[in-house]
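Visitor: First the structure, then my questions, so here it is.
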Amino acid sequence: MTSEKESNGLDNYAFALEGRFCNLPEKGEDLDSSIDENTNKLAYCITDVPPWYLCILLGTQHCLTAFGGIIAIPLILSQGLCLQHDSLTQSYLISTIFFVSGICTLMQVTFGIRLPILQGGTFTLLAPSMAMLSMPEFTCPAWTQNASSVNSSSPEFIEVWQSRMRALQGSIIVGSLFQVLVGFSGLIGLFMRFIGPLTIAPTIALIGLSLFDSAGSSAGNHWGISSMTAALIILFSQYLRHIAVPFPTYSKDKKLHTSRVYIFQILPVLLGITVSWLICYILTTCNVLPAEPGQYGYLARTDLKGEVISQAPWFTFPYPGQWGKPTVSLAGVVGILAGVISSMIESVGDYHACARLAGAPPPPKHAINRGIGIEGIGCLLAGAWGTGNGTTSYSENVGALGITKVGSRVVIVASGLFMVAMGILGKMGAIFTTIPSPVIGGMFMVMFGVICAAGVSNLQNPKAIATGVVEFDQMLQVLLTTSMFVGGFFGFILDNTIPGSKGERGILAWNKAHKDDSCETLETGEVYNLPFGITSYLSSFTWLRYIPFCPPGMSSSLDPKHPLGTPDPGQIMIGVGL
C-alpha cells in the first residue's frame, strides 16, 4: 500500500484529506520541493469562508489549543493575590480573561494585523506582575494562607485581594499606553533594527524560570500525580503525535466513512489534563487519596471544590472597573514595560509565521504597526476589565494553522466569539477551578519548560538594594527580580556592543526571514487592508499615506494571483469538536 506521504505529498499532517487545496503544485512540478512551501496545500486560505459548522468546529479547536495558557494565568496570579483558597473568585478571573481574550481576538482579526491569529493572556506580563506582588507592601497576610480562616465574602478579605488587583490594573493600563504609542507611531520598526535573536532568546527563555516556583508549589501537593500529568503531555505531544486516530466523517461523495485525525498532536495539553483529572476522580472515589486536609496528597482529590460549581452563577458579565478604581505605582509600571517590550517582539515573529502558514503575503509595515497598536489597546482593555494580565498573539495557535491546514480568519472570528461566550458562562470558569492542584502543577512544569539560567535567580535579594529613595528601590527590585528583563537587557547590550558582523549576530538571517517574497498566493491589499471599504475611502486623502498604521494605497488588483478551488467541506469534517 502506498504511504500517505507518497500518495498526497503530506508529511506530519493532522488531517488526511482529499480534494483541492490552495497552491497545489502544477503537473510535473517536483512534489517534494513543493512540500517545503508554507503556503501550499491549504484547505482554506486566509480570505476563504468555510461552512458555518466547520468554522465552529475549528474555532473551538483553537480555543482548546489556547486553553492551557489562558487558564494558567489567573491560577498563578491567585497566589500573589492571596486567592489560593477562594475558588469562586478564581472562576470570576477565568471568566474575565476568556471574555477579554475573545474581544481582543475579534479586534485583531478585524482591524489589527487581520491575520488568523488568536489573542490571549501573556506570560511576559505575568513575570513582572508576580515580582510586583512579591514586594513587602503586597505580602499576603498570614491568615489568608489558611483555608479555614478565609471567608471569601468578608469585606476584609475582599479588600485584601482587590487592592492588589487594582494596583496591577493601573500598572498594566499605563504600560499598555506605551505599546499603543509604539505600534501606531511605527516605532516598532526602529526597535526591530537593534533587536536580534541573541536578545530575544534569553528574554523568552527566562520567562519560564521566573514562573517555575509556582509550578513547584502546585506540583508538590502530589508529585506522583503531577509527574504523571507532565509525562502524559510529553507522551502525547512528542511520541504519539504521528499516530492518527480514526473518527467518523460524512461527505457527499463517500457518505459515512472514517478519517484519520492526529488528535495527540492537536490537543496534547487538554488530553493530558483530562486523563489525569479522570485518574484523580477514580482515586478519590475509591478512597485511595487521603481524606484528611493535613495529609500529603489531599489536594489531589476531585471533591474539594464541588460547591464552587453550584455557587457560580450561570451567567456573568465582566465589565471595566469591576474590582474598583485602578491605582498606579512606579515600580509596577516599569516592570510591566519590560514585559510589554518582550511581548511586542514575540508578536512580530508570530505575525510573519502566521502569514506563511495561512497562505498570505508577509505583513507590510502598516499592518504590523496596526497589529502592535491593537495589541496595546487589548492590554488596556485587559487592565480595565481586571484580568491581572494583558493580551498577546498566541504562538500555539499559529502552529495549529500548520496542523489543520485551514488558514481562514473567519475561523478565528468564531474562536473569538466562542471565548466571549465562555466568559459569559460563569459555570464554565468554575469547572476549570476544580482541576486538582497537582494536575495544574504538572501542566505548569511542561509549559514553563527547562530552567536554563538558574543563576539569574541569585539577583533576587531585595535587601541588597538601598539607595535611600524608596520609589527607586522598588523600581530596581521589580526589574532585577524579573528575570526576563535581566536576560533581555544584558543580551541587548552585549549583542549591540561586542564586535561582530550582522551575519555572526544572526541579524541577516533574521531580516531575510522577514523580507517580502515576490511570489505570494494573495494580493497584500486583500489580506491586510482595513475592512468595510475603509481603505477605499481613506485612499482619497493623500496625507494619510504618511500615517504608519494606514495602508500606503490601494492594490492594483484584489483578485488572487492564483484561482482558489472550493474544497468539499465534508472532506475535512472530522472529530475535532470531540
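Just remember, in the C-alpha cells the first chain shown is A, the second B, etc., residues are 1-based per chain, and ligands are 1-based in the order shown.
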List the neighbours of segment 154-164 of chain A out to 9 Å using only C-alpha atoms; skip same-chain residues closer than 6 positions along the sequence, and give me the result as a short mmCIF file (atom, residue, chain, number, x, y, z; two decimals) with all heavy atoms, in the first residue's frame.

Guide:
data_model
loop_
_atom_site.label_atom_id
_atom_site.label_comp_id
_atom_site.auth_asym_id
_atom_site.auth_seq_id
_atom_site.Cartn_x
_atom_site.Cartn_y
_atom_site.Cartn_z
N SER A 78 -3.49 33.96 41.30
CA SER A 78 -4.26 33.81 42.54
C SER A 78 -3.35 33.67 43.76
O SER A 78 -3.73 34.04 44.87
CB SER A 78 -5.20 32.61 42.43
OG SER A 78 -4.46 31.40 42.31
N GLY A 80 -0.35 35.26 44.19
CA GLY A 80 0.09 36.60 44.56
C GLY A 80 -1.03 37.49 45.02
O GLY A 80 -0.81 38.46 45.75
N LEU A 81 -2.28 37.17 44.62
CA LEU A 81 -3.44 37.96 45.01
C LEU A 81 -4.08 37.46 46.30
O LEU A 81 -5.14 37.96 46.69
CB LEU A 81 -4.48 37.95 43.89
CG LEU A 81 -4.07 38.63 42.57
CD1 LEU A 81 -5.12 38.37 41.50
CD2 LEU A 81 -3.88 40.12 42.77
N CYS A 82 -3.47 36.44 46.94
CA CYS A 82 -3.98 35.86 48.19
C CYS A 82 -5.30 35.12 47.97
O CYS A 82 -6.16 35.09 48.86
CB CYS A 82 -4.16 36.93 49.27
SG CYS A 82 -2.80 38.10 49.40
N LEU A 83 -5.49 34.52 46.79
CA LEU A 83 -6.75 33.85 46.45
C LEU A 83 -6.60 32.34 46.35
O LEU A 83 -7.44 31.68 45.72
CB LEU A 83 -7.27 34.39 45.10
CG LEU A 83 -7.79 35.82 45.08
CD1 LEU A 83 -8.09 36.25 43.66
CD2 LEU A 83 -9.03 35.96 45.96
N LEU A 133 3.95 41.78 43.02
CA LEU A 133 3.16 41.30 44.15
C LEU A 133 4.02 40.70 45.26
O LEU A 133 3.52 40.43 46.35
CB LEU A 133 2.15 40.26 43.66
CG LEU A 133 1.05 40.79 42.73
CD1 LEU A 133 0.18 39.64 42.23
CD2 LEU A 133 0.19 41.83 43.46
N PHE A 138 2.83 44.21 49.44
CA PHE A 138 1.81 43.34 48.87
C PHE A 138 1.90 41.91 49.40
O PHE A 138 1.25 41.01 48.85
CB PHE A 138 1.93 43.31 47.34
CG PHE A 138 1.58 44.63 46.69
CD1 PHE A 138 2.51 45.30 45.91
CD2 PHE A 138 0.33 45.20 46.87
CE1 PHE A 138 2.19 46.51 45.31
CE2 PHE A 138 0.01 46.41 46.29
CZ PHE A 138 0.94 47.07 45.50
N CYS A 140 0.99 38.74 51.29
CA CYS A 140 -0.32 38.28 51.77
C CYS A 140 -0.32 38.10 53.28
O CYS A 140 0.65 37.56 53.84
CB CYS A 140 -0.70 36.96 51.10
SG CYS A 140 -1.00 37.09 49.32
N PRO A 141 -1.36 38.54 53.97
CA PRO A 141 -1.46 38.29 55.42
C PRO A 141 -1.43 36.80 55.71
O PRO A 141 -1.90 35.98 54.91
CB PRO A 141 -2.82 38.90 55.78
CG PRO A 141 -3.11 39.89 54.70
CD PRO A 141 -2.48 39.34 53.46
N THR A 144 -4.58 34.55 55.36
CA THR A 144 -5.10 34.18 54.03
C THR A 144 -4.50 32.88 53.51
O THR A 144 -4.99 32.33 52.53
CB THR A 144 -4.82 35.30 53.02
OG1 THR A 144 -3.40 35.46 52.86
CG2 THR A 144 -5.44 36.62 53.46
N TRP A 323 -13.46 45.53 39.86
CA TRP A 323 -12.77 45.35 41.14
C TRP A 323 -12.48 46.68 41.82
O TRP A 323 -11.80 46.71 42.84
CB TRP A 323 -11.45 44.59 40.95
CG TRP A 323 -11.51 43.42 40.02
CD1 TRP A 323 -10.69 43.17 38.97
CD2 TRP A 323 -12.43 42.32 40.08
NE1 TRP A 323 -11.04 42.00 38.34
CE2 TRP A 323 -12.10 41.44 39.01
CE3 TRP A 323 -13.49 41.98 40.91
CZ2 TRP A 323 -12.80 40.28 38.76
CZ3 TRP A 323 -14.19 40.80 40.65
CH2 TRP A 323 -13.85 39.98 39.59
N GLY A 324 -12.95 47.79 41.27
CA GLY A 324 -12.72 49.10 41.86
C GLY A 324 -11.83 49.97 40.97
O GLY A 324 -11.44 49.58 39.86
N PRO A 326 -8.59 51.53 39.53
CA PRO A 326 -7.19 51.13 39.48
C PRO A 326 -6.27 52.16 40.12
O PRO A 326 -6.55 53.36 40.12
CB PRO A 326 -6.91 51.00 37.98
CG PRO A 326 -8.25 50.83 37.34
CD PRO A 326 -9.20 51.61 38.19
N THR A 327 -5.19 51.66 40.68
CA THR A 327 -4.14 52.52 41.25
C THR A 327 -2.84 52.29 40.48
O THR A 327 -2.68 51.27 39.82
CB THR A 327 -3.93 52.21 42.74
OG1 THR A 327 -3.54 50.84 42.89
CG2 THR A 327 -5.20 52.46 43.53
#

Visitor: Neighbouring residues of Val398 of chain A were defined as those with any atom within 12 Å, considering only C-alpha atoms; residues of the same chain fewer than 5 positions away were excluded. Please report them as a ChimeraX atom specification.

Guide: /A:62,65-66,115-119,347,349-358,393,403-407,409,412

Visitor: Generate a file of the selected residues that holds N, CA and C atoms, formatted as an mmCIF file, in the first residue's frame.

Guide:
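The new file again_36.cif reads:
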data_model
loop_
_atom_site.group_PDB
_atom_site.id
_atom_site.type_symbol
_atom_site.label_atom_id
_atom_site.label_comp_id
_atom_site.auth_asym_id
_atom_site.auth_seq_id
_atom_site.Cartn_x
_atom_site.Cartn_y
_atom_site.Cartn_z
ATOM 1 N N HIS A 62 -9.241 25.857 18.211
ATOM 2 C CA HIS A 62 -8.270 26.903 18.543
ATOM 3 C C HIS A 62 -8.404 27.332 20.002
ATOM 4 N N THR A 65 -6.825 24.736 22.096
ATOM 5 C CA THR A 65 -5.366 24.811 22.000
ATOM 6 C C THR A 65 -4.812 25.868 22.948
ATOM 7 N N ALA A 66 -5.535 26.981 23.081
ATOM 8 C CA ALA A 66 -5.087 28.064 23.963
ATOM 9 C C ALA A 66 -5.546 27.881 25.394
ATOM 10 N N LEU A 115 -4.735 38.916 10.387
ATOM 11 C CA LEU A 115 -4.327 37.535 10.151
ATOM 12 C C LEU A 115 -5.104 36.616 11.094
ATOM 13 N N PRO A 116 -5.199 35.328 10.774
ATOM 14 C CA PRO A 116 -5.922 34.397 11.650
ATOM 15 C C PRO A 116 -5.097 34.042 12.888
ATOM 16 N N ILE A 117 -4.987 34.986 13.797
ATOM 17 C CA ILE A 117 -4.130 34.804 14.965
ATOM 18 C C ILE A 117 -4.932 35.105 16.223
ATOM 19 N N LEU A 118 -4.854 34.225 17.199
ATOM 20 C CA LEU A 118 -5.644 34.321 18.423
ATOM 21 C C LEU A 118 -4.934 35.204 19.446
ATOM 22 N N GLN A 119 -5.712 35.912 20.239
ATOM 23 C CA GLN A 119 -5.184 36.749 21.312
ATOM 24 C C GLN A 119 -5.556 36.144 22.662
ATOM 25 N N SER A 347 5.429 39.036 19.252
ATOM 26 C CA SER A 347 4.270 39.124 18.369
ATOM 27 C C SER A 347 4.674 39.369 16.925
ATOM 28 N N GLY A 349 7.311 38.295 15.402
ATOM 29 C CA GLY A 349 7.682 36.996 14.855
ATOM 30 C C GLY A 349 6.467 36.124 14.583
ATOM 31 N N ASP A 350 5.456 36.197 15.463
ATOM 32 C CA ASP A 350 4.235 35.420 15.256
ATOM 33 C C ASP A 350 3.489 35.880 14.011
ATOM 34 N N TYR A 351 3.498 37.187 13.733
ATOM 35 C CA TYR A 351 2.808 37.696 12.554
ATOM 36 C C TYR A 351 3.384 37.076 11.277
ATOM 37 N N HIS A 352 4.706 37.055 11.185
ATOM 38 C CA HIS A 352 5.338 36.511 9.985
ATOM 39 C C HIS A 352 5.083 35.012 9.857
ATOM 40 N N ALA A 353 5.174 34.298 10.974
ATOM 41 C CA ALA A 353 4.919 32.855 10.929
ATOM 42 C C ALA A 353 3.473 32.571 10.544
ATOM 43 N N CYS A 354 2.539 33.351 11.080
ATOM 44 C CA CYS A 354 1.125 33.160 10.777
ATOM 45 C C CYS A 354 0.840 33.432 9.305
ATOM 46 N N ALA A 355 1.450 34.472 8.757
ATOM 47 C CA ALA A 355 1.230 34.791 7.346
ATOM 48 C C ALA A 355 1.700 33.651 6.445
ATOM 49 N N ARG A 356 2.844 33.070 6.752
ATOM 50 C CA ARG A 356 3.353 31.966 5.929
ATOM 51 C C ARG A 356 2.429 30.761 5.995
ATOM 52 N N LEU A 357 1.954 30.437 7.186
ATOM 53 C CA LEU A 357 1.123 29.247 7.346
ATOM 54 C C LEU A 357 -0.293 29.452 6.830
ATOM 55 N N ALA A 358 -0.746 30.707 6.754
ATOM 56 C CA ALA A 358 -2.113 30.987 6.311
ATOM 57 C C ALA A 358 -2.191 31.266 4.821
ATOM 58 N N SER A 393 -0.346 37.777 21.000
ATOM 59 C CA SER A 393 -0.627 36.749 19.999
ATOM 60 C C SER A 393 -0.150 35.401 20.508
ATOM 61 N N ILE A 403 -1.087 22.647 11.348
ATOM 62 C CA ILE A 403 -1.624 21.312 11.575
ATOM 63 C C ILE A 403 -2.943 21.121 10.839
ATOM 64 N N THR A 404 -3.841 22.076 10.997
ATOM 65 C CA THR A 404 -5.177 21.931 10.415
ATOM 66 C C THR A 404 -5.225 22.251 8.933
ATOM 67 N N LYS A 405 -4.258 23.039 8.440
ATOM 68 C CA LYS A 405 -4.243 23.474 7.045
ATOM 69 C C LYS A 405 -5.466 24.308 6.699
ATOM 70 N N VAL A 406 -6.028 24.981 7.669
ATOM 71 C CA VAL A 406 -7.136 25.906 7.449
ATOM 72 C C VAL A 406 -6.682 27.282 7.917
ATOM 73 N N GLY A 407 -6.422 28.176 6.967
ATOM 74 C CA GLY A 407 -5.890 29.491 7.295
ATOM 75 C C GLY A 407 -6.922 30.594 7.277
ATOM 76 N N ARG A 409 -9.408 33.392 8.299
ATOM 77 C CA ARG A 409 -9.540 34.215 9.503
ATOM 78 C C ARG A 409 -10.954 34.168 10.065
ATOM 79 N N ILE A 412 -10.986 32.116 13.124
ATOM 80 C CA ILE A 412 -10.530 32.804 14.333
ATOM 81 C C ILE A 412 -11.616 33.736 14.851
#

Visitor: Compile the contact shell of segment 87-90 of chain A as JSON, numbers by chain: residues with an atom at most 7 Å away, counting only C-alpha atoms, same-chain residues fewer than 3 positions apart removed.

Guide: {"A": [74, 75, 78, 93, 94, 308, 312, 430, 433]}

Visitor: Let me see the file: selected residues, C-alpha atoms, as a compact mmCIF listing (two decimals), in the first residue's frame.

Guide:
# COMPACT_ATOMS: atom_id res chain seq x y z
CA PRO A 74 -5.34 33.53 36.71
CA LEU A 75 -4.46 30.35 38.61
CA SER A 78 -4.26 33.81 42.54
CA LEU A 93 -10.97 35.79 36.96
CA ILE A 94 -11.02 32.90 34.47
CA VAL A 308 -17.87 26.13 43.52
CA ALA A 312 -21.11 30.10 40.49
CA ALA A 430 -15.96 27.38 37.81
CA THR A 433 -11.06 25.80 39.09

Visitor: Would you give me, as a ChimeraX atom specification, the residues in segment 247-457 of chain A that DSSP reads as helix (DSSP H, G or I)?

Guide: /A:263-266,268-285,298-300,306-311,330-357,365-385,395-404,409-424,426-433,437-448,454-457

Visitor: Which residue, A:Val439, A:Ala215, A:Val174, A:Leu190, has the smallest gap to Tyr281 of chain A when you use only C-alpha atoms?

Guide: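 Of all the options, A:Val439 lies closest to Tyr281 of chain A.
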
Visitor: Of the residues A:Thr535, A:Ser91, A:Ser415, A:Ser176, which is the one nearest to Leu106 of chain A, using only C-alpha atoms?

Guide: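 Distance minimum relative to Leu106 of chain A lands on A:Ser415.
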
Visitor: If we count only C-alpha atoms, what is near Phe178 of chain A at a cut-off of 9 Å, once residues fewer than 6 positions away on the same chain are taken out, given as a PDB file with all heavy atoms, in the first residue's frame?

Guide:
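Now in out16.pdb:
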ATOM      1  N   LEU A 337       6.412  47.447  31.735  1.00  0.00           N
ATOM      2  CA  LEU A 337       7.017  47.908  30.478  1.00  0.00           C
ATOM      3  C   LEU A 337       8.009  46.877  29.941  1.00  0.00           C
ATOM      4  O   LEU A 337       8.094  46.659  28.726  1.00  0.00           O
ATOM      5  CB  LEU A 337       7.707  49.251  30.683  1.00  0.00           C
ATOM      6  CG  LEU A 337       6.796  50.482  30.754  1.00  0.00           C
ATOM      7  CD1 LEU A 337       7.619  51.725  31.046  1.00  0.00           C
ATOM      8  CD2 LEU A 337       6.033  50.651  29.449  1.00  0.00           C
ATOM      9  N   VAL A 340       5.957  44.264  28.332  1.00  0.00           N
ATOM     10  CA  VAL A 340       5.318  44.750  27.099  1.00  0.00           C
ATOM     11  C   VAL A 340       6.291  44.711  25.939  1.00  0.00           C
ATOM     12  O   VAL A 340       5.937  44.302  24.814  1.00  0.00           O
ATOM     13  CB  VAL A 340       4.774  46.181  27.325  1.00  0.00           C
ATOM     14  CG1 VAL A 340       4.448  46.850  25.992  1.00  0.00           C
ATOM     15  CG2 VAL A 340       3.535  46.139  28.204  1.00  0.00           C
ATOM     16  N   GLY A 376      -1.805  46.693  21.999  1.00  0.00           N
ATOM     17  CA  GLY A 376      -1.720  47.643  23.097  1.00  0.00           C
ATOM     18  C   GLY A 376      -3.094  48.017  23.621  1.00  0.00           C
ATOM     19  O   GLY A 376      -3.318  48.105  24.836  1.00  0.00           O
TER      20      GLY A 376
END

Visitor: Find the residue from A:Tyr319, A:Leu232, A:Trp277, A:Ser408 that sits nearest to Ala43 of chain A; use only C-alpha atoms when measuring.

Guide: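 Using only C-alpha atoms, the shortest distance to Ala43 of chain A belongs to A:Ser408.
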
Visitor: Which one of A:Val180, A:Ile172, A:Ile435, A:Val411 sits closest to Ile279 of chain A if you count only C-alpha atoms?

Guide: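 So, comparing all the options, the nearest one is A:Ile435.
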
Visitor: Could you pull out all residues of segment 178-419 of chain A with a DSSP call of strand (DSSP E) and give them as a PyMOL selection string?

Guide: chain A and resi 245-251+255-261+392-393

Visitor: Would you put the residues from that selection into a file with N, CA, C and O atoms, as a CSV table (one decimal), in the first residue's frame?

Guide:
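part-v5.csv written:
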chain,number,residue,atom,x,y,z
A,245,VAL,N,-5.8,8.8,14.7
A,245,VAL,CA,-6.9,8.1,15.3
A,245,VAL,C,-8.1,8.2,14.3
A,245,VAL,O,-8.4,9.3,13.9
A,246,PRO,N,-8.8,7.1,14.0
A,246,PRO,CA,-9.9,7.2,13.1
A,246,PRO,C,-11.1,7.8,13.7
A,246,PRO,O,-11.5,7.5,14.9
A,247,PHE,N,-11.8,8.7,13.0
A,247,PHE,CA,-13.0,9.3,13.5
A,247,PHE,C,-14.1,9.2,12.4
A,247,PHE,O,-13.7,9.3,11.2
A,248,PRO,N,-15.3,9.1,12.8
A,248,PRO,CA,-16.4,9.0,11.7
A,248,PRO,C,-16.6,10.4,11.1
A,248,PRO,O,-16.5,11.4,11.7
A,249,THR,N,-16.7,10.3,9.8
A,249,THR,CA,-16.9,11.5,9.0
A,249,THR,C,-17.9,11.3,7.9
A,249,THR,O,-18.1,10.2,7.4
A,250,TYR,N,-18.6,12.3,7.5
A,250,TYR,CA,-19.6,12.2,6.5
A,250,TYR,C,-19.3,13.2,5.4
A,250,TYR,O,-19.0,14.4,5.6
A,251,SER,N,-19.4,12.8,4.1
A,251,SER,CA,-19.2,13.6,2.9
A,251,SER,C,-20.2,13.2,1.9
A,251,SER,O,-20.7,12.1,1.9
A,255,LYS,N,-20.1,9.4,1.6
A,255,LYS,CA,-21.1,9.2,2.7
A,255,LYS,C,-20.4,9.1,4.0
A,255,LYS,O,-19.5,9.8,4.3
A,256,LEU,N,-20.9,8.1,4.8
A,256,LEU,CA,-20.4,7.9,6.2
A,256,LEU,C,-19.1,7.1,6.1
A,256,LEU,O,-19.1,5.9,5.6
A,257,HIS,N,-18.0,7.6,6.5
A,257,HIS,CA,-16.7,6.9,6.5
A,257,HIS,C,-15.8,7.4,7.6
A,257,HIS,O,-16.3,8.2,8.4
A,258,THR,N,-14.6,6.9,7.7
A,258,THR,CA,-13.7,7.4,8.7
A,258,THR,C,-12.6,8.2,8.2
A,258,THR,O,-12.1,7.9,7.1
A,259,SER,N,-12.2,9.2,8.9
A,259,SER,CA,-11.0,10.0,8.6
A,259,SER,C,-10.0,9.9,9.7
A,259,SER,O,-10.4,9.9,10.9
A,260,ARG,N,-8.8,10.0,9.4
A,260,ARG,CA,-7.7,9.9,10.4
A,260,ARG,C,-7.4,11.3,10.9
A,260,ARG,O,-7.1,12.2,10.1
A,261,VAL,N,-7.3,11.4,12.2
A,261,VAL,CA,-7.1,12.7,12.9
A,261,VAL,C,-5.9,12.5,13.8
A,261,VAL,O,-5.8,11.6,14.6
A,392,THR,N,-1.7,39.1,24.1
A,392,THR,CA,-0.7,39.0,23.1
A,392,THR,C,-1.1,37.9,22.1
A,392,THR,O,-2.1,37.2,22.3
A,393,SER,N,-0.3,37.8,21.0
A,393,SER,CA,-0.6,36.7,20.0
A,393,SER,C,-0.1,35.4,20.5
A,393,SER,O,0.9,35.3,21.1

Visitor: So which residues touch Met344 of chain A within 9 Å, counting only C-alpha atoms, skipping near sequence neighbours fewer than 5 positions away, as a VMD selection string?

Guide: chain A and resid 179 183 188 339 349 372 375 392

Visitor: Between atom CA of Ser152 of chain A and atom CA of Ile431 of chain A, what is the spacing in Å?

Guide: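 A separation of 18.2 Å between them.
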